[in-house]
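Asks: Data file protein09.pdb (PDB, C-alpha atoms) is appended below.
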ATOM      1  CA  MET A 478     137.618  92.861 107.496  1.00  0.00           C
ATOM      2  CA  GLU A 479     135.276  93.136 104.562  1.00  0.00           C
ATOM      3  CA  ILE A 480     131.648  92.101 104.944  1.00  0.00           C
ATOM      4  CA  LYS A 481     128.877  91.664 102.410  1.00  0.00           C
ATOM      5  CA  MET A 482     125.899  93.980 102.489  1.00  0.00           C
ATOM      6  CA  PHE A 483     123.124  91.394 102.167  1.00  0.00           C
ATOM      7  CA  TYR A 484     122.803  87.939 103.703  1.00  0.00           C
ATOM      8  CA  LYS A 485     120.173  85.332 102.964  1.00  0.00           C
ATOM      9  CA  SER A 486     119.662  83.861 106.433  1.00  0.00           C
ATOM     10  CA  GLN A 487     119.755  84.696 110.120  1.00  0.00           C
ATOM     11  CA  LEU A 488     122.428  82.027 110.547  1.00  0.00           C
ATOM     12  CA  GLU A 489     124.770  83.810 108.121  1.00  0.00           C
ATOM     13  CA  VAL A 490     124.181  87.143 109.879  1.00  0.00           C
ATOM     14  CA  SER A 491     124.898  85.616 113.283  1.00  0.00           C
ATOM     15  CA  LYS A 492     128.182  84.119 112.003  1.00  0.00           C
ATOM     16  CA  VAL A 493     129.302  87.521 110.722  1.00  0.00           C
ATOM     17  CA  ILE A 494     128.367  89.199 114.013  1.00  0.00           C
ATOM     18  CA  ASN A 495     130.386  86.551 115.864  1.00  0.00           C
ATOM     19  CA  GLU A 496     133.374  87.092 113.545  1.00  0.00           C
ATOM     20  CA  LEU A 497     133.221  90.872 113.972  1.00  0.00           C
ATOM     21  CA  ILE A 498     132.983  90.827 117.761  1.00  0.00           C
ATOM     22  CA  ASP A 499     135.541  88.031 118.166  1.00  0.00           C
ATOM     23  CA  GLY A 500     137.885  89.919 115.831  1.00  0.00           C
ATOM     24  CA  TYR A 501     137.547  92.978 118.050  1.00  0.00           C
ATOM     25  CA  TRP A 502     138.126  90.962 121.224  1.00  0.00           C
ATOM     26  CA  ASN A 503     141.236  89.381 119.643  1.00  0.00           C
ATOM     27  CA  ASP A 504     142.568  92.832 118.635  1.00  0.00           C
ATOM     28  CA  GLU A 505     142.287  91.959 114.935  1.00  0.00           C
ATOM     29  CA  ILE A 506     140.009  94.914 114.130  1.00  0.00           C
ATOM     30  CA  SER A 507     139.637  98.350 115.685  1.00  0.00           C
ATOM     31  CA  GLU A 508     136.651  99.615 117.633  1.00  0.00           C
ATOM     32  CA  GLU A 509     135.907 102.069 114.833  1.00  0.00           C
ATOM     33  CA  LEU A 510     135.850  99.294 112.224  1.00  0.00           C
ATOM     34  CA  LEU A 511     133.669  97.126 114.469  1.00  0.00           C
ATOM     35  CA  ILE A 512     131.088  99.911 114.815  1.00  0.00           C
ATOM     36  CA  LYS A 513     131.227 100.830 111.111  1.00  0.00           C
ATOM     37  CA  ASN A 514     130.779  97.232 109.901  1.00  0.00           C
ATOM     38  CA  THR A 515     128.093  96.459 112.467  1.00  0.00           C
ATOM     39  CA  LYS A 516     126.163  99.576 111.448  1.00  0.00           C
ATOM     40  CA  LYS A 517     126.357  98.508 107.814  1.00  0.00           C
ATOM     41  CA  LEU A 518     125.272  94.963 108.697  1.00  0.00           C
ATOM     42  CA  ILE A 519     122.275  96.156 110.726  1.00  0.00           C
ATOM     43  CA  GLU A 520     121.251  98.726 108.136  1.00  0.00           C
ATOM     44  CA  TYR A 521     120.897  96.154 105.358  1.00  0.00           C
ATOM     45  CA  ASN A 522     119.817  93.092 107.374  1.00  0.00           C
ATOM     46  CA  LYS A 523     117.677  94.489 110.195  1.00  0.00           C
ATOM     47  CA  PRO A 524     114.747  92.049 109.709  1.00  0.00           C
ATOM     48  CA  LYS A 525     117.180  89.151 110.196  1.00  0.00           C
ATOM     49  CA  ILE A 526     118.560  90.699 113.391  1.00  0.00           C
ATOM     50  CA  ILE A 527     115.615  92.324 115.179  1.00  0.00           C
ATOM     51  CA  LYS A 528     111.958  91.297 115.208  1.00  0.00           C
ATOM     52  CA  ASN A 529     109.262  92.790 117.413  1.00  0.00           C
ATOM     53  CA  GLY A 530     111.812  94.939 119.243  1.00  0.00           C
ATOM     54  CA  ASP A 531     114.038  92.008 120.281  1.00  0.00           C
ATOM     55  CA  TYR A 532     116.842  89.979 118.759  1.00  0.00           C
ATOM     56  CA  THR A 533     115.717  86.995 116.689  1.00  0.00           C
ATOM     57  CA  THR A 534     115.811  83.580 118.332  1.00  0.00           C
ATOM     58  CA  VAL A 535     118.503  82.314 115.958  1.00  0.00           C
ATOM     59  CA  LEU A 536     120.692  85.302 116.811  1.00  0.00           C
ATOM     60  CA  LYS A 537     120.215  84.722 120.546  1.00  0.00           C
ATOM     61  CA  GLN A 538     121.142  81.059 120.193  1.00  0.00           C
ATOM     62  CA  LYS A 539     124.169  81.529 117.935  1.00  0.00           C
ATOM     63  CA  CYS A 540     125.682  84.721 119.389  1.00  0.00           C
ATOM     64  CA  GLY A 541     125.160  84.308 123.117  1.00  0.00           C
ATOM     65  CA  LYS A 542     124.666  86.876 125.858  1.00  0.00           C
ATOM     66  CA  ARG A 543     128.133  88.451 125.829  1.00  0.00           C
ATOM     67  CA  ARG A 544     128.138  89.158 122.106  1.00  0.00           C
ATOM     68  CA  LEU A 545     124.546  90.409 122.189  1.00  0.00           C
ATOM     69  CA  GLY A 546     125.573  92.727 125.026  1.00  0.00           C
ATOM     70  CA  VAL A 547     128.271  94.202 122.784  1.00  0.00           C
ATOM     71  CA  LEU A 548     125.791  94.416 119.890  1.00  0.00           C
ATOM     72  CA  SER A 549     123.327  96.271 122.125  1.00  0.00           C
ATOM     73  CA  LYS A 550     126.004  98.801 123.106  1.00  0.00           C
ATOM     74  CA  ILE A 551     126.877  99.334 119.440  1.00  0.00           C
ATOM     75  CA  LEU A 552     123.187  99.893 118.650  1.00  0.00           C
ATOM     76  CA  GLU A 553     123.052 102.517 121.422  1.00  0.00           C
ATOM     77  CA  ILE A 554     126.099 104.270 119.960  1.00  0.00           C
ATOM     78  CA  ILE A 555     124.623 104.195 116.448  1.00  0.00           C
ATOM     79  CA  GLU A 556     121.257 105.544 117.597  1.00  0.00           C
ATOM     80  CA  SER A 557     122.861 108.353 119.641  1.00  0.00           C
ATOM     81  CA  ARG A 558     124.784 109.711 116.627  1.00  0.00           C
TER      82      ARG A 558
END
In structure tokens, how does this file's structure come out?
Replies:
Amino acid sequence: MEIKMFYKSQLEVSKVINELIDGYWNDEISEELLIKNTKKLIEYNKPKIIKNGDYTTVLKQKCGKRRLGVLSKILEIIESR
């Protein structure tokens, strides 16, 4: 799965996060690719993902608790490396 580096809105970022995580859950992409692409997405679009130490409201609404739980675990993995 190829993702762009820059997105113009929080809605676009949330759709990509949903596609990545759903692709992983459906065994379409590997765990390694999920982490790599998510790291790249966060690196270039952090202001659209996290504000004031929490996920943006749009992200919370569009991704849901389960996907945000996975995203949080990926962030922990990225920060521990």
Asks: Give, as lines of an AutoDock Vina configuration file, the centre coordinates and the x, y and z edge lengths in Å to one decimal for an axis-aligned box around all listed atoms of range 491-496 of chain A, padded by 6 Å on each side.
Replies:
center_x = 129.1
center_y = 86.7
center_z = 113.3
size_x = 20.5
size_y = 17.1
size_z = 17.1
Asks: Using all atoms listed in the file, find all polymer residues with an atom at most 9 Å away from the point (127.7, 88.1, 113.5); report them as a VMD selection string.
Replies: chain A and resid 488 to 498 515 518 536 539 to 540 544
Asks: Pick from A:Lys485, A:Ser549, A:Trp502, A:Glu479: nearest to Gly530 in chain A, with all atoms listed in the file counted?
Replies: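 Answer, going by the shortest atom-to-atom distance: A:Ser549.
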Asks: Quick one: pull the distance between CA of Asn529 in chain A and CA of Tyr501 in chain A, Å, one decimal.
Replies: 28.3 Å
Asks: Could you list, as an MDAnalysis selection string, every residue within 8 Å of Met482 in chain A, counting all atoms listed in the file and ignoring same-chain residues fewer than 5 positions away?
Replies: chainID A and resid 517:518 521:522
Asks: So which one's closest to Lys513 in chain A, A:Gln538, A:Ile555, A:Lys528, A:Leu545? Using all atoms listed in the file, please.
Replies: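 Result for the nearest residue to Lys513 in chain A: A:Ile555.
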Asks: Quick check, in Å to one decimal: how far apart do CA of Asp499 in chain A and CA of Glu520 in chain A lie?
Replies: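 These atoms are spaced 20.5 Å apart.
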Asks: What is the distance, in Å and to one decimal place, between CA of Thr533 in chain A and CA of Ser557 in chain A?
Replies: 22.7 Å
Asks: For Ile554 in chain A, which residue out of A:Lys516, A:Ile506, A:Gly500, A:Phe483 is the nearest one, using all atoms listed in the file?
Replies: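 Ranking A:Lys516, A:Ile506, A:Gly500, A:Phe483 by distance to Ile554 in chain A, first place goes to A:Lys516.
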